[in-house]
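Student: Here it is: the structure, laid out below.
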Amino acid sequence: MTALITREELAKEIEAGTVIVLDALGGEYYAKAHLPGALPLVEADVDAQAPTLLPDLDAAIVTYCSDVSCPNSQQVAGRLERLGYTNVRKYREGIRDWSEAGLPIEP
């Protein structure tokens with residue numbers, strides 16, 4: 001199971017620019033709202049896009065989706081780990097928790 005990251009930890013890492021954030025919802029959900037600087041990556045696209053999008057297998061990566069009931073972030077994280085990425089974490093609470101805490105989201 002992928003390691004978890006808290007909202008507070010993630011906010012600090014986004015602010016410091018030390019993490020790559022991946023929105024596992026993609027599509028219209030990503031277009032509507034996503035965490036600051038997040039890149040869209042859904043499970044079906046991981047194999048094709050990860051080598052170009054994430055060339056450093058040791059980069060700090062965090063996946064998220066809507067909330068704790070959404071499996072997408074774990075699916076993307078698990079696929080990345082199977083491809084050899086070594087520093088993948090999951091923000092389990094997702095964009096719902098982030099926005100309810102009053103933190104910024106991007107359209």
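Residue numbering restarts at 1 for every chain of the structure tokens, chains are lettered A, B, ... in their displayed order, and ligands are numbered from 1 as they appear.
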So that I can see what lies close to range 64-80 of chain A, please list as a list in words the residues with an atom at most 8 Å from it, counting only C-alpha atoms and leaving out residues fewer than 5 positions away in the same chain.
Tutor: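 The neighbour list is Met1, Thr2, Val21, Leu22, Asp23, Ala24, Leu25, Leu41, Val42, Glu43, Val46, Asp47, Ala50, Tyr85, Val88, Arg89, Lys90, Tyr91, Arg92, Glu93, Gly94, Ile95, Arg96 and Asp97 of chain A.
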Student: What would the file look like if the residues just selected were written as an mmCIF file, in the first residue's frame with N, CA, C and O atoms?
Tutor:
```
data_model
loop_
_atom_site.group_PDB
_atom_site.id
_atom_site.type_symbol
_atom_site.label_atom_id
_atom_site.label_comp_id
_atom_site.auth_asym_id
_atom_site.auth_seq_id
_atom_site.Cartn_x
_atom_site.Cartn_y
_atom_site.Cartn_z
ATOM 1 N N MET A 1 0.845 -1.186 0.000
ATOM 2 C CA MET A 1 0.000 0.000 0.000
ATOM 3 C C MET A 1 0.889 1.247 0.000
ATOM 4 O O MET A 1 1.911 1.293 0.675
ATOM 5 N N THR A 2 0.485 2.212 -0.746
ATOM 6 C CA THR A 2 1.244 3.459 -0.898
ATOM 7 C C THR A 2 1.232 4.264 0.399
ATOM 8 O O THR A 2 0.216 4.340 1.086
ATOM 9 N N VAL A 21 2.619 16.798 -8.127
ATOM 10 C CA VAL A 21 1.270 16.406 -7.720
ATOM 11 C C VAL A 21 0.514 15.914 -8.951
ATOM 12 O O VAL A 21 0.503 16.586 -9.988
ATOM 13 N N LEU A 22 -0.107 14.749 -8.812
ATOM 14 C CA LEU A 22 -0.848 14.146 -9.916
ATOM 15 C C LEU A 22 -2.321 14.016 -9.580
ATOM 16 O O LEU A 22 -2.683 13.399 -8.575
ATOM 17 N N ASP A 23 -3.150 14.600 -10.422
ATOM 18 C CA ASP A 23 -4.599 14.504 -10.295
ATOM 19 C C ASP A 23 -5.035 13.230 -11.007
ATOM 20 O O ASP A 23 -4.923 13.125 -12.229
ATOM 21 N N ALA A 24 -5.525 12.255 -10.250
ATOM 22 C CA ALA A 24 -5.912 10.971 -10.813
ATOM 23 C C ALA A 24 -7.353 10.937 -11.294
ATOM 24 O O ALA A 24 -7.839 9.896 -11.730
ATOM 25 N N LEU A 25 -8.040 12.071 -11.229
ATOM 26 C CA LEU A 25 -9.408 12.146 -11.742
ATOM 27 C C LEU A 25 -9.396 12.421 -13.242
ATOM 28 O O LEU A 25 -10.150 11.845 -14.003
ATOM 29 N N LEU A 41 -3.156 12.758 -14.612
ATOM 30 C CA LEU A 41 -2.663 11.438 -15.011
ATOM 31 C C LEU A 41 -3.615 10.379 -14.463
ATOM 32 O O LEU A 41 -3.706 10.182 -13.254
ATOM 33 N N VAL A 42 -4.324 9.727 -15.357
ATOM 34 C CA VAL A 42 -5.243 8.655 -14.965
ATOM 35 C C VAL A 42 -4.568 7.306 -15.195
ATOM 36 O O VAL A 42 -3.612 7.196 -15.972
ATOM 37 N N GLU A 43 -5.073 6.288 -14.534
ATOM 38 C CA GLU A 43 -4.429 4.971 -14.574
ATOM 39 C C GLU A 43 -4.212 4.468 -15.996
ATOM 40 O O GLU A 43 -3.151 3.935 -16.319
ATOM 41 N N VAL A 46 -0.937 5.912 -17.475
ATOM 42 C CA VAL A 46 0.322 5.885 -16.725
ATOM 43 C C VAL A 46 1.459 5.287 -17.552
ATOM 44 O O VAL A 46 2.527 5.887 -17.691
ATOM 45 N N ASP A 47 1.262 4.103 -18.112
ATOM 46 C CA ASP A 47 2.348 3.441 -18.839
ATOM 47 C C ASP A 47 2.864 4.297 -19.999
ATOM 48 O O ASP A 47 4.071 4.382 -20.222
ATOM 49 N N ALA A 50 3.981 8.296 -18.202
ATOM 50 C CA ALA A 50 4.906 8.449 -17.070
ATOM 51 C C ALA A 50 6.361 8.664 -17.489
ATOM 52 O O ALA A 50 7.021 9.545 -16.928
ATOM 53 N N TYR A 85 8.901 3.675 -9.688
ATOM 54 C CA TYR A 85 8.985 4.954 -8.975
ATOM 55 C C TYR A 85 9.119 4.665 -7.483
ATOM 56 O O TYR A 85 8.392 3.840 -6.932
ATOM 57 N N VAL A 88 6.567 7.575 -4.066
ATOM 58 C CA VAL A 88 5.170 7.887 -4.373
ATOM 59 C C VAL A 88 4.354 7.858 -3.086
ATOM 60 O O VAL A 88 4.447 6.917 -2.304
ATOM 61 N N ARG A 89 3.585 8.918 -2.875
ATOM 62 C CA ARG A 89 2.668 8.980 -1.736
ATOM 63 C C ARG A 89 1.276 9.335 -2.246
ATOM 64 O O ARG A 89 1.113 9.807 -3.355
ATOM 65 N N LYS A 90 0.302 9.124 -1.384
ATOM 66 C CA LYS A 90 -1.095 9.372 -1.754
ATOM 67 C C LYS A 90 -1.715 10.334 -0.752
ATOM 68 O O LYS A 90 -1.588 10.150 0.459
ATOM 69 N N TYR A 91 -2.391 11.351 -1.287
ATOM 70 C CA TYR A 91 -3.199 12.246 -0.459
ATOM 71 C C TYR A 91 -4.613 11.674 -0.483
ATOM 72 O O TYR A 91 -5.409 11.973 -1.357
ATOM 73 N N ARG A 92 -4.860 10.787 0.454
ATOM 74 C CA ARG A 92 -6.095 9.997 0.480
ATOM 75 C C ARG A 92 -7.358 10.843 0.553
ATOM 76 O O ARG A 92 -8.374 10.506 -0.046
ATOM 77 N N GLU A 93 -7.312 11.936 1.296
ATOM 78 C CA GLU A 93 -8.525 12.738 1.510
ATOM 79 C C GLU A 93 -8.939 13.534 0.281
ATOM 80 O O GLU A 93 -10.084 13.945 0.162
ATOM 81 N N GLY A 94 -8.021 13.788 -0.624
ATOM 82 C CA GLY A 94 -8.345 14.351 -1.925
ATOM 83 C C GLY A 94 -8.766 15.805 -1.976
ATOM 84 O O GLY A 94 -8.709 16.546 -0.992
ATOM 85 N N ILE A 95 -9.201 16.197 -3.167
ATOM 86 C CA ILE A 95 -9.509 17.598 -3.435
ATOM 87 C C ILE A 95 -10.684 18.099 -2.591
ATOM 88 O O ILE A 95 -10.739 19.271 -2.256
ATOM 89 N N ARG A 96 -11.582 17.222 -2.223
ATOM 90 C CA ARG A 96 -12.709 17.651 -1.378
ATOM 91 C C ARG A 96 -12.186 18.184 -0.035
ATOM 92 O O ARG A 96 -12.573 19.258 0.410
ATOM 93 N N ASP A 97 -11.297 17.444 0.595
ATOM 94 C CA ASP A 97 -10.712 17.861 1.871
ATOM 95 C C ASP A 97 -9.915 19.150 1.694
ATOM 96 O O ASP A 97 -9.999 20.064 2.515
#
```
Student: Can you list every residue in range 48-79 of chain A that DSSP puts in alpha helix (DSSP H), as a VMD selection string?
Tutor: chain A and resid 48 to 53 72 to 79
Student: Output N, CA, C and O atoms of each residue in that selection to a file, as a PDB file, in the first residue's frame.
Tutor:
```pdb
ATOM      1  N   ALA A  48       1.960   4.929 -20.728  1.00  0.00           N
ATOM      2  CA  ALA A  48       2.352   5.714 -21.898  1.00  0.00           C
ATOM      3  C   ALA A  48       2.944   7.067 -21.526  1.00  0.00           C
ATOM      4  O   ALA A  48       3.891   7.527 -22.170  1.00  0.00           O
ATOM      5  N   GLN A  49       2.418   7.719 -20.491  1.00  0.00           N
ATOM      6  CA  GLN A  49       2.821   9.096 -20.199  1.00  0.00           C
ATOM      7  C   GLN A  49       3.886   9.239 -19.119  1.00  0.00           C
ATOM      8  O   GLN A  49       4.627  10.217 -19.109  1.00  0.00           O
ATOM      9  N   ALA A  50       3.981   8.296 -18.202  1.00  0.00           N
ATOM     10  CA  ALA A  50       4.906   8.449 -17.070  1.00  0.00           C
ATOM     11  C   ALA A  50       6.361   8.664 -17.489  1.00  0.00           C
ATOM     12  O   ALA A  50       7.021   9.545 -16.928  1.00  0.00           O
ATOM     13  N   PRO A  51       6.891   7.916 -18.451  1.00  0.00           N
ATOM     14  CA  PRO A  51       8.309   8.125 -18.781  1.00  0.00           C
ATOM     15  C   PRO A  51       8.630   9.553 -19.225  1.00  0.00           C
ATOM     16  O   PRO A  51       9.702  10.072 -18.905  1.00  0.00           O
ATOM     17  N   THR A  52       7.723  10.199 -19.931  1.00  0.00           N
ATOM     18  CA  THR A  52       7.942  11.574 -20.381  1.00  0.00           C
ATOM     19  C   THR A  52       7.574  12.578 -19.301  1.00  0.00           C
ATOM     20  O   THR A  52       8.318  13.519 -19.029  1.00  0.00           O
ATOM     21  N   LEU A  53       6.423  12.367 -18.668  1.00  0.00           N
ATOM     22  CA  LEU A  53       5.916  13.284 -17.658  1.00  0.00           C
ATOM     23  C   LEU A  53       6.751  13.237 -16.375  1.00  0.00           C
ATOM     24  O   LEU A  53       6.963  14.257 -15.715  1.00  0.00           O
ATOM     25  N   ASN A  72      -9.032   6.012  -7.508  1.00  0.00           N
ATOM     26  CA  ASN A  72      -8.127   6.430  -8.589  1.00  0.00           C
ATOM     27  C   ASN A  72      -6.714   6.745  -8.129  1.00  0.00           C
ATOM     28  O   ASN A  72      -5.742   6.369  -8.785  1.00  0.00           O
ATOM     29  N   SER A  73      -6.580   7.459  -7.008  1.00  0.00           N
ATOM     30  CA  SER A  73      -5.237   7.853  -6.576  1.00  0.00           C
ATOM     31  C   SER A  73      -4.394   6.629  -6.222  1.00  0.00           C
ATOM     32  O   SER A  73      -3.205   6.579  -6.544  1.00  0.00           O
ATOM     33  N   GLN A  74      -4.994   5.628  -5.613  1.00  0.00           N
ATOM     34  CA  GLN A  74      -4.251   4.408  -5.293  1.00  0.00           C
ATOM     35  C   GLN A  74      -3.913   3.643  -6.561  1.00  0.00           C
ATOM     36  O   GLN A  74      -2.826   3.071  -6.680  1.00  0.00           O
ATOM     37  N   GLN A  75      -4.814   3.618  -7.527  1.00  0.00           N
ATOM     38  CA  GLN A  75      -4.547   2.912  -8.775  1.00  0.00           C
ATOM     39  C   GLN A  75      -3.361   3.531  -9.512  1.00  0.00           C
ATOM     40  O   GLN A  75      -2.473   2.817  -9.985  1.00  0.00           O
ATOM     41  N   VAL A  76      -3.331   4.857  -9.604  1.00  0.00           N
ATOM     42  CA  VAL A  76      -2.222   5.544 -10.270  1.00  0.00           C
ATOM     43  C   VAL A  76      -0.932   5.345  -9.480  1.00  0.00           C
ATOM     44  O   VAL A  76       0.115   5.017 -10.047  1.00  0.00           O
ATOM     45  N   ALA A  77      -1.004   5.508  -8.167  1.00  0.00           N
ATOM     46  CA  ALA A  77       0.189   5.339  -7.324  1.00  0.00           C
ATOM     47  C   ALA A  77       0.740   3.922  -7.445  1.00  0.00           C
ATOM     48  O   ALA A  77       1.951   3.722  -7.606  1.00  0.00           O
ATOM     49  N   GLY A  78      -0.130   2.935  -7.377  1.00  0.00           N
ATOM     50  CA  GLY A  78       0.303   1.551  -7.480  1.00  0.00           C
ATOM     51  C   GLY A  78       0.954   1.244  -8.817  1.00  0.00           C
ATOM     52  O   GLY A  78       1.964   0.540  -8.891  1.00  0.00           O
ATOM     53  N   ARG A  79       0.385   1.788  -9.877  1.00  0.00           N
ATOM     54  CA  ARG A  79       0.958   1.566 -11.212  1.00  0.00           C
ATOM     55  C   ARG A  79       2.342   2.206 -11.306  1.00  0.00           C
ATOM     56  O   ARG A  79       3.272   1.617 -11.854  1.00  0.00           O
TER      57      ARG A  79
END
```
Student: Assign secondary structure with DSSP using the backbone only, and return the residues of chain A in strand (DSSP E or B) as an mmCIF file with all heavy atoms, in the first residue's frame.
Tutor:
```
data_model
loop_
_atom_site.group_PDB
_atom_site.id
_atom_site.type_symbol
_atom_site.label_atom_id
_atom_site.label_comp_id
_atom_site.auth_asym_id
_atom_site.auth_seq_id
_atom_site.Cartn_x
_atom_site.Cartn_y
_atom_site.Cartn_z
ATOM 1 N N ALA A 3 2.361 4.883 0.708
ATOM 2 C CA ALA A 3 2.459 5.749 1.888
ATOM 3 C C ALA A 3 1.519 6.943 1.718
ATOM 4 O O ALA A 3 1.261 7.404 0.603
ATOM 5 C CB ALA A 3 3.887 6.228 2.064
ATOM 6 N N LEU A 4 1.028 7.445 2.846
ATOM 7 C CA LEU A 4 0.097 8.576 2.824
ATOM 8 C C LEU A 4 0.817 9.877 3.160
ATOM 9 O O LEU A 4 1.854 9.876 3.820
ATOM 10 C CB LEU A 4 -1.032 8.346 3.828
ATOM 11 C CG LEU A 4 -1.875 7.095 3.616
ATOM 12 C CD1 LEU A 4 -2.923 6.983 4.710
ATOM 13 C CD2 LEU A 4 -2.524 7.084 2.239
ATOM 14 N N ILE A 20 5.826 16.611 -7.099
ATOM 15 C CA ILE A 20 5.018 16.581 -8.314
ATOM 16 C C ILE A 20 3.660 16.030 -7.895
ATOM 17 O O ILE A 20 3.571 14.925 -7.348
ATOM 18 C CB ILE A 20 5.650 15.679 -9.384
ATOM 19 C CG1 ILE A 20 7.028 16.210 -9.785
ATOM 20 C CG2 ILE A 20 4.731 15.585 -10.610
ATOM 21 C CD1 ILE A 20 7.849 15.237 -10.599
ATOM 22 N N VAL A 21 2.619 16.798 -8.127
ATOM 23 C CA VAL A 21 1.270 16.406 -7.720
ATOM 24 C C VAL A 21 0.514 15.914 -8.951
ATOM 25 O O VAL A 21 0.503 16.586 -9.988
ATOM 26 C CB VAL A 21 0.528 17.585 -7.058
ATOM 27 C CG1 VAL A 21 -0.866 17.163 -6.626
ATOM 28 C CG2 VAL A 21 1.327 18.116 -5.870
ATOM 29 N N LEU A 22 -0.107 14.749 -8.812
ATOM 30 C CA LEU A 22 -0.848 14.146 -9.916
ATOM 31 C C LEU A 22 -2.321 14.016 -9.580
ATOM 32 O O LEU A 22 -2.683 13.399 -8.575
ATOM 33 C CB LEU A 22 -0.288 12.755 -10.244
ATOM 34 C CG LEU A 22 1.171 12.704 -10.677
ATOM 35 C CD1 LEU A 22 1.600 11.259 -10.865
ATOM 36 C CD2 LEU A 22 1.396 13.516 -11.946
ATOM 37 N N ASP A 23 -3.150 14.600 -10.422
ATOM 38 C CA ASP A 23 -4.599 14.504 -10.295
ATOM 39 C C ASP A 23 -5.035 13.230 -11.007
ATOM 40 O O ASP A 23 -4.923 13.125 -12.229
ATOM 41 C CB ASP A 23 -5.250 15.732 -10.936
ATOM 42 C CG ASP A 23 -6.749 15.740 -10.841
ATOM 43 O OD1 ASP A 23 -7.379 14.743 -11.260
ATOM 44 O OD2 ASP A 23 -7.309 16.745 -10.380
ATOM 45 N N HIS A 34 -8.359 21.656 -9.746
ATOM 46 C CA HIS A 34 -7.292 20.771 -9.306
ATOM 47 C C HIS A 34 -6.382 21.496 -8.332
ATOM 48 O O HIS A 34 -6.408 22.716 -8.238
ATOM 49 C CB HIS A 34 -6.498 20.203 -10.493
ATOM 50 C CG HIS A 34 -5.993 21.242 -11.424
ATOM 51 N ND1 HIS A 34 -6.728 21.722 -12.490
ATOM 52 C CD2 HIS A 34 -4.827 21.926 -11.453
ATOM 53 C CE1 HIS A 34 -6.032 22.641 -13.131
ATOM 54 N NE2 HIS A 34 -4.873 22.785 -12.516
ATOM 55 N N LEU A 39 -0.744 17.906 -12.202
ATOM 56 C CA LEU A 39 -0.782 17.425 -13.576
ATOM 57 C C LEU A 39 -1.807 16.299 -13.661
ATOM 58 O O LEU A 39 -1.909 15.489 -12.737
ATOM 59 C CB LEU A 39 0.591 16.882 -13.980
ATOM 60 C CG LEU A 39 1.759 17.855 -13.849
ATOM 61 C CD1 LEU A 39 3.077 17.122 -14.072
ATOM 62 C CD2 LEU A 39 1.597 19.000 -14.824
ATOM 63 N N PRO A 40 -2.560 16.224 -14.754
ATOM 64 C CA PRO A 40 -3.533 15.139 -14.877
ATOM 65 C C PRO A 40 -2.859 13.841 -15.312
ATOM 66 O O PRO A 40 -2.067 13.817 -16.248
ATOM 67 C CB PRO A 40 -4.486 15.651 -15.969
ATOM 68 C CG PRO A 40 -3.628 16.532 -16.827
ATOM 69 C CD PRO A 40 -2.619 17.152 -15.885
ATOM 70 N N ILE A 61 6.497 12.260 -5.587
ATOM 71 C CA ILE A 61 5.232 12.294 -6.324
ATOM 72 C C ILE A 61 4.094 12.054 -5.343
ATOM 73 O O ILE A 61 4.186 11.180 -4.477
ATOM 74 C CB ILE A 61 5.208 11.194 -7.406
ATOM 75 C CG1 ILE A 61 6.332 11.427 -8.425
ATOM 76 C CG2 ILE A 61 3.851 11.126 -8.087
ATOM 77 C CD1 ILE A 61 6.563 10.256 -9.365
ATOM 78 N N VAL A 62 3.021 12.831 -5.504
ATOM 79 C CA VAL A 62 1.811 12.621 -4.702
ATOM 80 C C VAL A 62 0.621 12.510 -5.645
ATOM 81 O O VAL A 62 0.438 13.359 -6.519
ATOM 82 C CB VAL A 62 1.582 13.767 -3.694
ATOM 83 C CG1 VAL A 62 0.212 13.637 -3.021
ATOM 84 C CG2 VAL A 62 2.685 13.782 -2.650
ATOM 85 N N THR A 63 -0.172 11.471 -5.459
ATOM 86 C CA THR A 63 -1.400 11.306 -6.235
ATOM 87 C C THR A 63 -2.599 11.659 -5.353
ATOM 88 O O THR A 63 -2.547 11.512 -4.134
ATOM 89 C CB THR A 63 -1.569 9.854 -6.731
ATOM 90 O OG1 THR A 63 -1.727 8.978 -5.612
ATOM 91 C CG2 THR A 63 -0.381 9.425 -7.574
ATOM 92 N N TYR A 64 -3.651 12.130 -5.982
ATOM 93 C CA TYR A 64 -4.901 12.378 -5.253
ATOM 94 C C TYR A 64 -6.069 12.231 -6.215
ATOM 95 O O TYR A 64 -5.901 12.268 -7.439
ATOM 96 C CB TYR A 64 -4.914 13.779 -4.605
ATOM 97 C CG TYR A 64 -5.154 14.892 -5.592
ATOM 98 C CD1 TYR A 64 -6.447 15.325 -5.880
ATOM 99 C CD2 TYR A 64 -4.100 15.490 -6.267
ATOM 100 C CE1 TYR A 64 -6.676 16.323 -6.813
ATOM 101 C CE2 TYR A 64 -4.317 16.488 -7.193
ATOM 102 C CZ TYR A 64 -5.612 16.902 -7.462
ATOM 103 O OH TYR A 64 -5.837 17.884 -8.408
ATOM 104 N N VAL A 88 6.567 7.575 -4.066
ATOM 105 C CA VAL A 88 5.170 7.887 -4.373
ATOM 106 C C VAL A 88 4.354 7.858 -3.086
ATOM 107 O O VAL A 88 4.447 6.917 -2.304
ATOM 108 C CB VAL A 88 4.582 6.878 -5.375
ATOM 109 C CG1 VAL A 88 3.128 7.222 -5.701
ATOM 110 C CG2 VAL A 88 5.417 6.825 -6.646
ATOM 111 N N ARG A 89 3.585 8.918 -2.875
ATOM 112 C CA ARG A 89 2.668 8.980 -1.736
ATOM 113 C C ARG A 89 1.276 9.335 -2.246
ATOM 114 O O ARG A 89 1.113 9.807 -3.355
ATOM 115 C CB ARG A 89 3.137 10.019 -0.717
ATOM 116 C CG ARG A 89 4.423 9.600 -0.016
ATOM 117 C CD ARG A 89 5.033 10.720 0.757
ATOM 118 N NE ARG A 89 5.565 11.708 -0.181
ATOM 119 C CZ ARG A 89 5.935 12.935 0.154
ATOM 120 N NH1 ARG A 89 5.824 13.352 1.394
ATOM 121 N NH2 ARG A 89 6.417 13.762 -0.752
ATOM 122 N N LYS A 90 0.302 9.124 -1.384
ATOM 123 C CA LYS A 90 -1.095 9.372 -1.754
ATOM 124 C C LYS A 90 -1.715 10.334 -0.752
ATOM 125 O O LYS A 90 -1.588 10.150 0.459
ATOM 126 C CB LYS A 90 -1.851 8.044 -1.767
ATOM 127 C CG LYS A 90 -3.327 8.170 -2.083
ATOM 128 C CD LYS A 90 -3.996 6.818 -2.156
ATOM 129 C CE LYS A 90 -4.092 6.181 -0.789
ATOM 130 N NZ LYS A 90 -4.959 5.005 -0.752
ATOM 131 N N TYR A 91 -2.391 11.351 -1.287
ATOM 132 C CA TYR A 91 -3.199 12.246 -0.459
ATOM 133 C C TYR A 91 -4.613 11.674 -0.483
ATOM 134 O O TYR A 91 -5.409 11.973 -1.357
ATOM 135 C CB TYR A 91 -3.126 13.670 -1.008
ATOM 136 C CG TYR A 91 -4.013 14.676 -0.322
ATOM 137 C CD1 TYR A 91 -4.236 14.655 1.042
ATOM 138 C CD2 TYR A 91 -4.633 15.679 -1.061
ATOM 139 C CE1 TYR A 91 -5.038 15.591 1.662
ATOM 140 C CE2 TYR A 91 -5.437 16.631 -0.456
ATOM 141 C CZ TYR A 91 -5.647 16.576 0.896
ATOM 142 O OH TYR A 91 -6.448 17.508 1.509
ATOM 143 N N GLU A 106 -6.964 25.374 -8.509
ATOM 144 C CA GLU A 106 -6.826 26.033 -9.801
ATOM 145 C C GLU A 106 -7.903 25.530 -10.747
ATOM 146 O O GLU A 106 -8.259 24.349 -10.711
ATOM 147 C CB GLU A 106 -5.447 25.743 -10.404
ATOM 148 C CG GLU A 106 -4.324 26.312 -9.579
ATOM 149 C CD GLU A 106 -2.951 25.969 -10.141
ATOM 150 O OE1 GLU A 106 -2.826 25.097 -11.025
ATOM 151 O OE2 GLU A 106 -1.972 26.596 -9.669
#
```
Student: Rounded to one decimal place, report the CA of Asp45 in chain A-CA of Gly27 in chain A distance in Å.
Tutor: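 Here the two named atoms are 11.7 Å from each other.
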Student: Please compute the CA of Arg7 in chain A-CA of Leu103 in chain A distance, one decimal, in Å.
Tutor: 9.6 Å
Student: Separation of CA of Gly84 in chain A and CA of Tyr30 in chain A, in Å?
Tutor: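 According to the coordinates, CA of Gly84 in chain A and CA of Tyr30 in chain A are separated by 25.5 Å.
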Student: Looking at only C-alpha atoms, which of A:Leu10, A:Ala31, A:Val19, A:Leu83 is the one that sits closest to Leu57 in chain A?
Tutor: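 That would be A:Leu83, the residue with the smallest distance to Leu57 in chain A.
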